[in-house]
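Below is the file structure-v8.txt, which contains compact mmCIF, C-alpha atoms.
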# COMPACT_ATOMS: atom_id res chain seq x y z
CA MET A 719 111.35 164.06 98.13
CA ASP A 720 109.78 165.04 101.44
CA GLU A 721 111.26 164.55 104.87
CA ARG A 722 107.92 163.12 105.99
CA ASP A 723 108.19 160.26 103.48
CA PRO A 724 108.81 156.79 104.94
CA VAL A 725 112.46 155.88 105.40
CA GLN A 726 113.74 153.52 102.71
CA ASP A 727 115.91 150.49 103.36
CA ASP A 728 118.74 151.89 101.27
CA GLU A 729 118.96 155.16 103.20
CA ALA A 730 121.54 156.14 105.78
CA VAL A 731 121.07 158.14 108.94
CA LEU A 732 123.43 160.40 110.86
CA ARG A 733 124.03 160.29 114.58
CA ARG A 734 125.82 162.96 116.59
CA ILE A 735 128.64 161.63 118.78
CA HIS A 736 130.15 163.83 121.48
CA ARG A 737 133.95 163.75 121.44
CA THR A 738 133.90 162.33 124.97
CA PHE A 739 132.59 159.16 123.39
CA PHE A 740 135.19 158.88 120.66
CA ASP A 741 138.70 157.45 120.95
CA PRO A 742 140.36 156.69 117.62
CA THR A 743 143.03 154.54 119.28
CA LEU A 744 140.55 151.83 120.19
CA PRO A 745 139.23 149.08 117.89
CA ILE A 746 135.72 150.36 118.57
CA ALA A 747 136.33 154.10 118.50
CA VAL A 748 132.81 155.10 119.52
CA ARG A 749 131.54 154.30 123.00
CA ALA A 750 128.25 152.43 123.29
CA VAL A 751 127.22 155.11 125.77
CA ALA A 752 126.82 157.45 122.80
CA PHE A 753 123.67 155.51 121.88
CA ARG A 754 122.27 155.19 125.34
CA PRO A 755 118.92 156.91 125.79
CA ASN A 756 118.43 159.20 128.75
CA ASP A 757 115.29 160.43 130.40
CA LYS A 758 114.95 163.07 127.67
CA ASP A 759 114.63 160.32 125.08
CA ILE A 760 111.25 159.20 126.31
CA LYS A 761 110.04 158.39 122.83
CA TRP A 762 113.09 157.90 120.67
CA LEU A 763 116.73 157.95 119.87
CA SER A 764 117.36 160.91 117.61
CA VAL A 765 119.00 160.62 114.16
CA PHE A 766 118.96 162.53 110.87
CA ARG A 767 118.32 161.16 107.39
CA ALA A 768 121.47 161.63 105.33
CA ARG A 769 119.57 162.36 102.13
CA PHE A 770 118.10 165.53 103.63
CA VAL A 771 120.95 167.03 105.58
CA GLN A 772 124.70 167.49 105.48
CA PRO A 773 126.62 166.28 108.55
CA PRO A 774 127.49 169.77 109.89
CA ASP A 775 123.85 170.78 109.68
CA THR A 776 122.84 168.12 112.20
CA LEU A 777 124.56 170.26 114.84
CA LEU A 778 122.59 173.41 114.18
CA ASN A 779 120.28 173.07 117.15
CA ILE A 780 123.10 172.52 119.66
CA ASP A 781 124.80 175.41 121.50
CA PRO A 782 127.62 176.39 119.10
CA THR A 783 130.21 176.31 121.87
CA LYS A 784 129.29 172.69 122.48
CA ALA A 785 128.50 171.70 118.89
CA ARG A 786 132.16 171.99 117.96
CA HIS A 787 132.86 168.98 120.17
CA TYR A 788 130.82 166.63 118.04
CA TYR A 789 131.63 163.91 115.54
CA VAL A 790 128.92 162.68 113.20
CA ALA A 791 128.61 159.02 112.27
CA ARG A 792 126.66 157.49 109.40
CA LEU A 793 124.60 154.34 109.90
CA SER A 794 122.96 152.26 107.22
CA VAL A 795 119.24 151.75 107.73
CA ARG A 796 119.62 148.19 106.50
CA ASN A 797 122.20 147.54 109.19
CA LEU A 798 119.91 149.03 111.78
CA GLN A 799 117.16 146.72 110.60
CA SER A 800 119.48 143.76 111.08
CA LEU A 801 119.53 144.69 114.77
CA GLY A 802 115.74 144.78 114.88
CA LEU A 803 115.58 148.57 114.73
CA THR A 804 113.43 150.81 112.58
CA VAL A 805 113.70 154.46 111.59
CA GLN A 806 110.68 156.72 111.43
CA PRO A 807 110.51 160.25 110.02
CA ASP A 808 110.05 162.89 112.67
CA PRO A 809 110.53 166.35 111.14
CA ILE A 810 111.33 169.12 113.62
CA PRO A 811 109.69 172.44 112.72
CA GLY A 812 112.51 174.95 112.45
CA GLY A 813 115.17 172.35 113.22
CA PRO A 814 117.68 170.59 110.98
CA LEU A 815 116.02 168.80 108.06
CA GLY A 816 115.50 165.08 108.00
CA HIS A 817 115.06 164.45 111.70
CA ALA A 818 114.04 160.88 112.40
CA LEU A 819 113.80 158.58 115.37
CA ILE A 820 114.54 155.03 116.31
CA PRO A 821 111.48 154.27 118.42
CA GLU A 822 112.70 150.96 119.80
CA ILE A 823 115.50 152.70 121.70
CA ASN A 824 113.90 154.84 124.36
CA TRP A 825 114.39 155.47 128.03
CA HIS A 826 111.56 153.24 129.20
CA ALA A 827 112.50 150.29 127.01
CA TYR A 828 116.14 150.63 128.00
CA ARG A 829 115.36 150.81 131.71
CA VAL A 830 113.27 147.67 131.74
CA ALA A 831 115.55 145.57 129.51
CA LYS A 832 119.10 146.83 129.85
CA GLN A 833 120.59 143.39 129.32
CA HIS A 834 118.82 143.18 125.99
CA TRP A 835 119.80 146.64 124.83
CA LYS A 836 123.39 146.98 125.98
CA PRO A 837 124.84 144.49 123.46
CA ILE A 838 122.80 146.17 120.71
CA LEU A 839 124.27 149.53 121.65
CA VAL A 840 127.74 147.99 121.34
CA GLU A 841 126.83 146.88 117.82
CA LEU A 842 125.66 150.41 117.03
CA ALA A 843 128.98 151.71 118.34
CA LYS A 844 130.84 149.35 116.00
CA MET A 845 128.78 150.52 113.04
CA ALA A 846 129.32 154.17 113.91
CA SER A 847 133.05 153.64 114.37
CA ALA A 848 133.26 152.34 110.83
CA ASP A 849 131.80 155.45 109.19
CA ILE A 850 132.63 158.79 110.78
CA VAL A 851 131.61 161.52 108.34
CA LEU A 852 132.39 164.62 110.38
CA LYS A 853 135.11 165.36 112.89
CA PRO A 854 135.31 168.31 115.27
CA ALA A 855 137.06 171.31 113.78
CA MET B 181 130.33 175.20 147.48
CA ALA B 182 127.76 174.26 150.06
CA PRO B 183 128.33 171.01 151.89
CA GLY B 184 126.14 168.14 150.89
CA ASP B 185 125.09 169.62 147.59
CA GLY B 186 126.23 166.55 145.71
CA ARG B 187 129.21 168.18 144.01
CA LEU B 188 132.85 168.17 144.85
CA GLY B 189 134.58 171.26 146.06
CA ALA B 190 137.29 172.79 143.93
CA MET B 191 139.94 170.68 145.63
CA GLY B 192 137.58 167.81 146.49
CA LEU B 193 138.62 164.57 144.93
CA LEU B 194 141.88 165.95 143.65
CA GLN B 195 143.15 165.80 147.19
CA LEU B 196 142.28 162.18 147.59
CA ARG B 197 145.29 160.03 148.26
CA LEU B 198 147.70 162.85 147.62
CA HIS B 199 149.05 162.89 151.13
CA GLY B 200 149.90 159.23 151.55
CA GLU B 201 147.84 158.67 154.68
CA ALA B 202 145.23 156.48 153.11
CA GLY B 203 144.97 153.18 151.42
CA SER B 204 147.00 150.06 151.16
CA GLN B 205 150.66 150.61 150.58
CA ASP B 206 151.10 147.42 148.61
CA ALA B 207 148.36 147.93 146.11
CA GLY B 208 148.63 147.79 142.37
CA MET B 209 151.79 147.20 140.47
CA GLY B 210 153.84 147.76 143.61
CA ALA B 211 152.10 144.75 145.11
CA ALA B 212 152.64 142.81 141.93
CA VAL B 213 156.35 143.45 142.02
CA SER B 214 156.77 142.74 145.71
CA GLU B 215 154.74 139.58 145.42
CA ALA B 216 156.90 138.31 142.64
CA VAL B 217 160.06 139.13 144.55
CA ALA B 218 158.87 137.49 147.73
CA VAL B 219 157.41 134.29 146.31
CA PRO B 220 159.96 131.71 145.25
CA ASN B 221 159.49 130.37 141.78
CA ALA B 222 159.13 126.83 143.12
CA THR B 223 155.88 127.65 144.91
CA MET B 224 154.04 128.63 141.74
CA THR B 225 151.27 126.24 140.84
CA GLN B 226 148.77 125.98 138.04
CA GLN B 227 146.18 127.91 140.04
CA GLN B 228 148.42 130.91 140.41
CA PRO B 229 148.00 132.48 136.99
CA LEU B 230 144.73 133.98 138.20
CA THR B 231 146.62 136.13 140.65
CA VAL B 232 149.78 136.91 138.74
CA PRO B 233 150.87 140.46 138.07
CA LEU B 234 150.22 141.81 134.64
CA ASN B 235 153.69 143.02 133.83
CA PRO B 236 156.79 140.84 133.70
CA PRO B 237 157.71 140.47 137.34
CA PHE B 238 161.02 141.10 138.98
CA MET B 239 162.44 137.88 140.27
CA ARG B 240 165.03 137.52 142.99
CA VAL B 241 168.43 136.55 141.73
CA PRO B 242 171.36 136.40 144.16
CA GLY B 243 173.02 139.75 144.23
CA LYS B 244 170.61 141.55 141.97
CA VAL B 245 167.03 141.88 140.83
CA ARG B 246 166.37 141.27 137.20
CA CYS B 247 163.33 141.20 135.02
CA GLN B 248 162.51 137.69 133.92
CA GLN B 249 159.36 136.15 132.54
CA PRO B 250 158.82 132.50 133.50
CA PRO B 251 157.42 130.19 130.81
CA TRP B 252 153.98 129.90 132.37
CA ARG B 253 153.61 133.66 132.31
CA LYS B 254 154.31 133.76 128.59
CA THR B 255 151.32 131.50 128.00
CA LEU B 256 148.87 134.00 129.45
CA SER B 257 147.88 137.03 127.47
CA ARG B 258 146.96 140.22 129.27
CA TRP B 259 143.34 139.56 128.51
CA GLU B 260 143.46 135.96 129.71
CA GLN B 261 144.62 137.30 133.03
CA PHE B 262 142.06 140.06 133.02
CA ASN B 263 139.07 138.00 132.09
CA PRO B 264 138.79 135.90 135.24
CA LYS B 265 139.81 138.80 137.43
CA ILE B 266 136.95 141.03 136.42
CA LYS B 267 134.68 138.21 137.51
CA TYR B 268 136.10 138.18 141.03
CA PRO B 269 133.47 138.99 143.63
CA ILE B 270 133.35 142.59 144.81
CA PRO B 271 131.75 142.48 148.26
CA LYS B 272 129.98 145.63 149.29
CA GLN B 273 132.19 145.80 152.36
CA ASN B 274 135.37 145.99 150.27
CA TRP B 275 133.98 148.60 147.93
CA SER B 276 132.51 150.80 150.65
CA GLN B 277 135.73 150.49 152.60
CA GLU B 278 137.60 152.03 149.68
CA VAL B 279 135.04 154.81 149.47
CA ASN B 280 135.36 155.46 153.21
CA VAL B 281 139.12 155.72 152.85
CA LEU B 282 138.58 158.26 150.08
CA ASN B 283 136.24 160.27 152.27
CA ALA B 284 138.68 160.25 155.15
CA ALA B 285 141.54 161.33 152.91
CA SER B 286 139.39 164.04 151.38
CA GLN B 287 138.50 165.45 154.79
CA ALA B 288 142.07 165.20 156.06
CA GLY B 289 143.33 167.06 153.05
CA ALA B 290 140.78 169.85 153.12
CA GLY B 291 142.37 173.17 152.39
CA LYS B 292 145.64 171.70 151.23
CA PRO B 293 146.79 172.44 147.73
CA ALA B 294 145.92 169.86 145.08
CA ALA B 295 149.01 169.13 143.09
CA GLY B 296 150.96 166.19 141.80
CA PRO B 297 149.78 162.77 140.76
CA ILE B 298 147.43 160.54 142.68
CA LYS B 299 149.88 158.33 144.49
CA ASP B 300 148.83 154.77 145.01
CA ALA B 301 146.35 153.94 142.26
CA GLY B 302 149.06 151.91 140.50
CA PRO B 303 148.19 151.19 136.88
CA TRP B 304 144.76 152.71 137.49
CA GLU B 305 146.23 156.14 138.13
CA THR B 306 145.26 157.56 134.75
CA ALA B 307 141.73 156.22 135.09
CA VAL B 308 141.38 157.67 138.58
CA GLN B 309 142.67 161.04 137.43
CA LYS B 310 140.13 161.01 134.65
CA ILE B 311 137.30 160.29 137.09
CA VAL B 312 138.56 163.10 139.30
CA GLY B 313 138.34 165.38 136.28
CA PHE B 314 134.64 164.57 135.91
CA GLN B 315 133.99 166.73 138.98
CA ASN B 316 134.33 169.70 136.64
CA LEU B 317 131.43 168.60 134.46
CA GLU B 318 128.25 170.60 134.71
CA ASP B 319 124.74 169.55 133.80
CA ASP B 320 124.21 169.74 130.04
CA TRP B 321 127.93 169.30 129.45
CA ASP B 322 127.15 167.80 126.04
CA GLY B 323 124.63 170.44 124.96
CA GLN B 324 121.91 167.78 124.86
CA GLY B 325 120.94 167.62 128.50
CA ALA B 326 123.53 165.21 129.91
CA LYS B 327 123.64 165.06 133.70
CA ALA B 328 126.86 165.62 135.58
CA PRO B 329 127.85 162.81 137.94
CA SER B 330 127.33 163.46 141.63
CA ARG B 331 130.13 163.51 144.16
CA ASP B 332 128.88 160.28 145.74
CA LEU B 333 128.92 158.53 142.40
CA LEU B 334 132.43 159.76 141.58
CA GLU B 335 133.67 158.53 144.93
CA SER B 336 132.08 155.16 144.25
CA ALA B 337 133.73 155.03 140.84
CA ILE B 338 137.13 155.79 142.33
CA GLY B 339 136.52 153.31 145.12
CA LEU B 340 135.71 150.64 142.56
CA ALA B 341 138.83 151.54 140.62
CA TYR B 342 140.95 150.95 143.73
CA THR B 343 139.10 147.73 144.45
CA TYR B 344 139.75 146.44 140.94
CA ASN B 345 143.36 147.52 141.26
CA HIS B 346 143.71 145.46 144.43
CA ASN B 347 142.19 142.51 142.57
CA GLY B 348 144.78 142.85 139.83
CA VAL B 349 142.32 143.90 137.13
CA PRO B 350 144.16 145.94 134.50
CA PRO B 351 142.89 149.48 134.00
CA PRO B 352 140.23 150.10 131.37
CA GLN B 353 141.19 151.57 128.02
CA CYS B 354 138.44 154.06 128.40
CA VAL B 355 136.68 155.87 131.24
CA VAL B 356 133.79 158.14 130.30
CA PRO B 357 130.91 159.90 131.98
CA GLY B 358 127.49 158.65 130.98
CA ILE B 359 124.82 161.06 129.84
CA ASP B 360 122.71 160.12 132.85
CA GLY B 361 125.29 160.94 135.52
CA SER B 362 126.96 157.56 135.53
CA VAL B 363 130.62 156.63 135.00
CA VAL B 364 131.60 153.89 132.56
CA PHE B 365 134.78 151.78 132.44
CA GLU B 366 135.39 150.04 129.12
CA TRP B 367 137.87 147.37 128.03
CA GLN B 368 138.40 146.15 124.48
CA HIS B 369 140.64 143.31 123.43
CA PRO B 370 141.91 142.59 119.92
CA ASP B 371 140.18 139.21 119.97
CA GLY B 372 136.87 141.07 120.06
CA THR B 373 136.15 140.66 123.74
CA PHE B 374 134.43 143.70 125.18
CA ALA B 375 133.75 144.57 128.80
CA GLU B 376 131.90 147.46 130.33
CA VAL B 377 131.30 148.44 133.93
CA GLU B 378 128.76 151.19 134.49
CA ILE B 379 128.63 152.76 137.93
CA ASP B 380 125.05 153.94 137.72
CA ARG B 381 124.50 154.97 141.31
CA PRO B 382 126.59 155.13 144.47
CA LEU B 383 127.96 151.70 145.37
CA HIS B 384 126.15 150.03 142.49
CA ALA B 385 127.41 149.02 139.07
CA GLU B 386 126.31 146.93 136.12
CA VAL B 387 128.87 144.74 134.38
CA MET B 388 128.66 143.36 130.85
CA VAL B 389 131.24 141.12 129.19
CA ILE B 390 130.85 140.07 125.56
CA GLU B 391 133.21 137.35 124.35
CA PRO B 392 133.31 136.40 120.68
CA GLY B 393 130.73 133.78 119.79
CA GLN B 394 129.08 133.87 123.18
CA PRO B 395 126.05 135.67 124.53
CA ALA B 396 126.74 138.71 126.65
CA LYS B 397 127.20 138.06 130.36
CA HIS B 398 125.72 140.50 132.83
CA TRP B 399 125.96 140.92 136.56
CA THR B 400 125.78 143.66 139.12
CA LEU B 401 128.15 144.95 141.77
CA PRO B 402 128.52 144.61 144.64
CA THR B 403 128.31 140.86 144.33
CA GLU B 404 127.11 140.30 147.87
Take the structure from the file and write it as C-alpha cells.
Amino acid sequence: MDERDPVQDDEAVLRRIHRTFFDPTLPIAVRAVAFRPNDKDIKWLSVFRARFVQPPDTLLNIDPTKARHYYVARLSVRNLQSLGLTVQPDPIPGGPLGHALIPEINWHAYRVAKQHWKPILVELAKMASADIVLKPA
Amino acid sequence: MAPGDGRLGAMGLLQLRLHGEAGSQDAGMGAAVSEAVAVPNATMTQQQPLTVPLNPPFMRVPGKVRCQQPPWRKTLSRWEQFNPKIKYPIPKQNWSQEVNVLNAASQAGAGKPAAGPIKDAGPWETAVQKIVGFQNLEDDWDGQGAKAPSRDLLESAIGLAYTYNHNGVPPPQCVVPGIDGSVVFEWQHPDGTFAEVEIDRPLHAEVMVIEPGQPAKHWTLPTE
C-alpha cells in the first residue's frame, strides 16, 4: 500500500475543520465555508486519505497553538463522487501521510462559478457534519 | 493603530451604538412590539404577515398590555416569516446609510470606554457583537493562511445586520468569518431550508437560499 496509489472508491478521506466552522447545536454542524477554497488553494482542496493517517496526524503541519482548534471530519470517496468530485493522491514530502486533493474545488473554478459550487459545498458540510472523527482537546 | 490601515482600533467597532446617538430608535423587536401595540387588530389584512413581528406581539387591552397571539400569527412559522423577508430589496442607499451611521457613531465615541451591550441591534445584538469580535482576528487566524476581515468589510457586515433587522429578518443562527476575509451569515431551518449571506467586500454580498426540492436561488446585494 503506497500513498501514491490511485484512490479507491471505497476509501474515506479526512478534512480539517476549524472550530470556528463547527456548531454542534445546528442541524448542519459544519459550515460550508470550511470547504471554500481560498487563493492558496490554486490547484486543490486539501484532504488526507484515512487509510494512511490517523485523524490527529492530519494536524501535524499546522502551528500547534492553532492545531488544537481543529475538528477532523471523514468523507466517503463514493459520496464525493456522487457530487461529481474526484480525489487524487498528492503526497507531501515530510508532511502527514496520505495527502490528497480534490482538483475540481480550486480557487479559480470557485471564482468563476460560485453559484455552481456553493450548493455543493453545503452538501460537503452535511457529509462532514455526519462523521466527525476528532474533536479539539 | 494607524488611521486608514484597514483595521479597527482597540475600541473601534465596540463603541458603535453604545452611546445611543445613532440609529433608529424603533428598530428591531422594539419596533415589532410598538407596531403591534399601535395597530388595531381590525386593520390586519392578509398581506400583513410579511411584515409581522417574529415574537408574539403585545396587544392593547383596556387597562393593561398582555401577550396574545392572534390566529393568523399562529399559522406562520418563524421561517415562513423569514423566507420572504430575506428576499426584500436592500437598496445600496439603505445599506450605506447604516454604515455611515456606524462611522459617525464610531468617531463620536472615540476615546470613550467600550463597555456594555450594543444597544439597538434588537434580536441581531448577538450577531453584531460577534462581528465586532472579528476585529480581533489576525491574518492566518486558522493556521492555514486565512485572511482577517478588513474594517470596511466589518462595518458593511454590521450595516447589513442593522438593515436586515429593520426589515424584520430574524438573526442568523451562525455568523462566521470566511477564510478570505469575508463575513458569512447562515440560517438553517428544520425543514431543510438553508440560507447564506456572504459579505465578500464592502457594501457587497452574495445571497444563496436552498429550499428542499428546489434549485438554489442566488442574488447579490445591494439589489439596486
Between B:Gln277, B:Thr373, B:Ser336, B:Asn316, which residue has the minimum interatomic distance to chain A, considering only C-alpha atoms? B:Thr373
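With distances taken over all atoms listed in the file, B:Gly323 is the one residue among B:Leu333, B:Gly323, B:Asn345, B:Leu383 lying closest to chain A.
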If the cut-off is 9 Å, can you tell me the residues of chain B near chain A, counting all atoms listed in the file? I'd like them as an MDAnalysis selection string. chainID B and resid 321:326 353:354 356:360 364 366 368:370 372 374 388 390 395:398
Deliver the residues from the most recent selection as a file, using C-alpha atoms, as a PDB file, keeping the file's coordinate frame.
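What follows is the written file part10.pdb:
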ATOM      1  CA  TRP B 321     127.930 169.300 129.450  1.00  0.00           C
ATOM      2  CA  ASP B 322     127.150 167.800 126.040  1.00  0.00           C
ATOM      3  CA  GLY B 323     124.630 170.440 124.960  1.00  0.00           C
ATOM      4  CA  GLN B 324     121.910 167.780 124.860  1.00  0.00           C
ATOM      5  CA  GLY B 325     120.940 167.620 128.500  1.00  0.00           C
ATOM      6  CA  ALA B 326     123.530 165.210 129.910  1.00  0.00           C
ATOM      7  CA  GLN B 353     141.190 151.570 128.020  1.00  0.00           C
ATOM      8  CA  CYS B 354     138.440 154.060 128.400  1.00  0.00           C
ATOM      9  CA  VAL B 356     133.790 158.140 130.300  1.00  0.00           C
ATOM     10  CA  PRO B 357     130.910 159.900 131.980  1.00  0.00           C
ATOM     11  CA  GLY B 358     127.490 158.650 130.980  1.00  0.00           C
ATOM     12  CA  ILE B 359     124.820 161.060 129.840  1.00  0.00           C
ATOM     13  CA  ASP B 360     122.710 160.120 132.850  1.00  0.00           C
ATOM     14  CA  VAL B 364     131.600 153.890 132.560  1.00  0.00           C
ATOM     15  CA  GLU B 366     135.390 150.040 129.120  1.00  0.00           C
ATOM     16  CA  GLN B 368     138.400 146.150 124.480  1.00  0.00           C
ATOM     17  CA  HIS B 369     140.640 143.310 123.430  1.00  0.00           C
ATOM     18  CA  PRO B 370     141.910 142.590 119.920  1.00  0.00           C
ATOM     19  CA  GLY B 372     136.870 141.070 120.060  1.00  0.00           C
ATOM     20  CA  PHE B 374     134.430 143.700 125.180  1.00  0.00           C
ATOM     21  CA  MET B 388     128.660 143.360 130.850  1.00  0.00           C
ATOM     22  CA  ILE B 390     130.850 140.070 125.560  1.00  0.00           C
ATOM     23  CA  PRO B 395     126.050 135.670 124.530  1.00  0.00           C
ATOM     24  CA  ALA B 396     126.740 138.710 126.650  1.00  0.00           C
ATOM     25  CA  LYS B 397     127.200 138.060 130.360  1.00  0.00           C
ATOM     26  CA  HIS B 398     125.720 140.500 132.830  1.00  0.00           C
TER      27      HIS B 398
END
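Our summary of the geometry notes that CA of Trp367 in chain B is positioned 11.6 Å from CA of Glu391 in chain B.
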Could you pull the residues within 6 Å of Ala328 in chain B, counting all atoms listed in the file, minus those fewer than 3 positions along the same chain, as a CSV table (one decimal) with C-alpha atoms, in the coordinates of the input?
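Contents of around24.csv, freshly written:
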chain,number,residue,atom,x,y,z
B,317,LEU,CA,131.4,168.6,134.5
B,318,GLU,CA,128.2,170.6,134.7
B,319,ASP,CA,124.7,169.6,133.8
B,361,GLY,CA,125.3,160.9,135.5
Give, as JSON, the centre coordinates and the x, y and z edge lengths in Å to one decimal for an axis-aligned box around all listed atoms of range 832-836 of chain A, padded by 4 Å on each side.
{"center_x": 121.1, "center_y": 145.1, "center_z": 127.3, "size_x": 12.6, "size_y": 11.8, "size_z": 13.0}
Let me make sure I understand: among A:Glu729, A:Pro774, A:Arg722, A:Trp762, which one has the smallest atom-to-atom distance to His826 in chain A if we use only C-alpha atoms? A:Trp762
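Among the candidates A:Pro724, A:Pro821, A:Gly802, A:Pro854, the residue lying nearest to Val765 in chain A is A:Pro821 (atoms considered: all atoms listed in the file).
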Near Val731 in chain A, within 12 Å and counting only C-alpha atoms, which residues show up once chain neighbours fewer than 6 positions away are dropped, as an MDAnalysis selection string? chainID A and resid 725 763:773 776 790:798 804:807 815:820 845:846 849:851
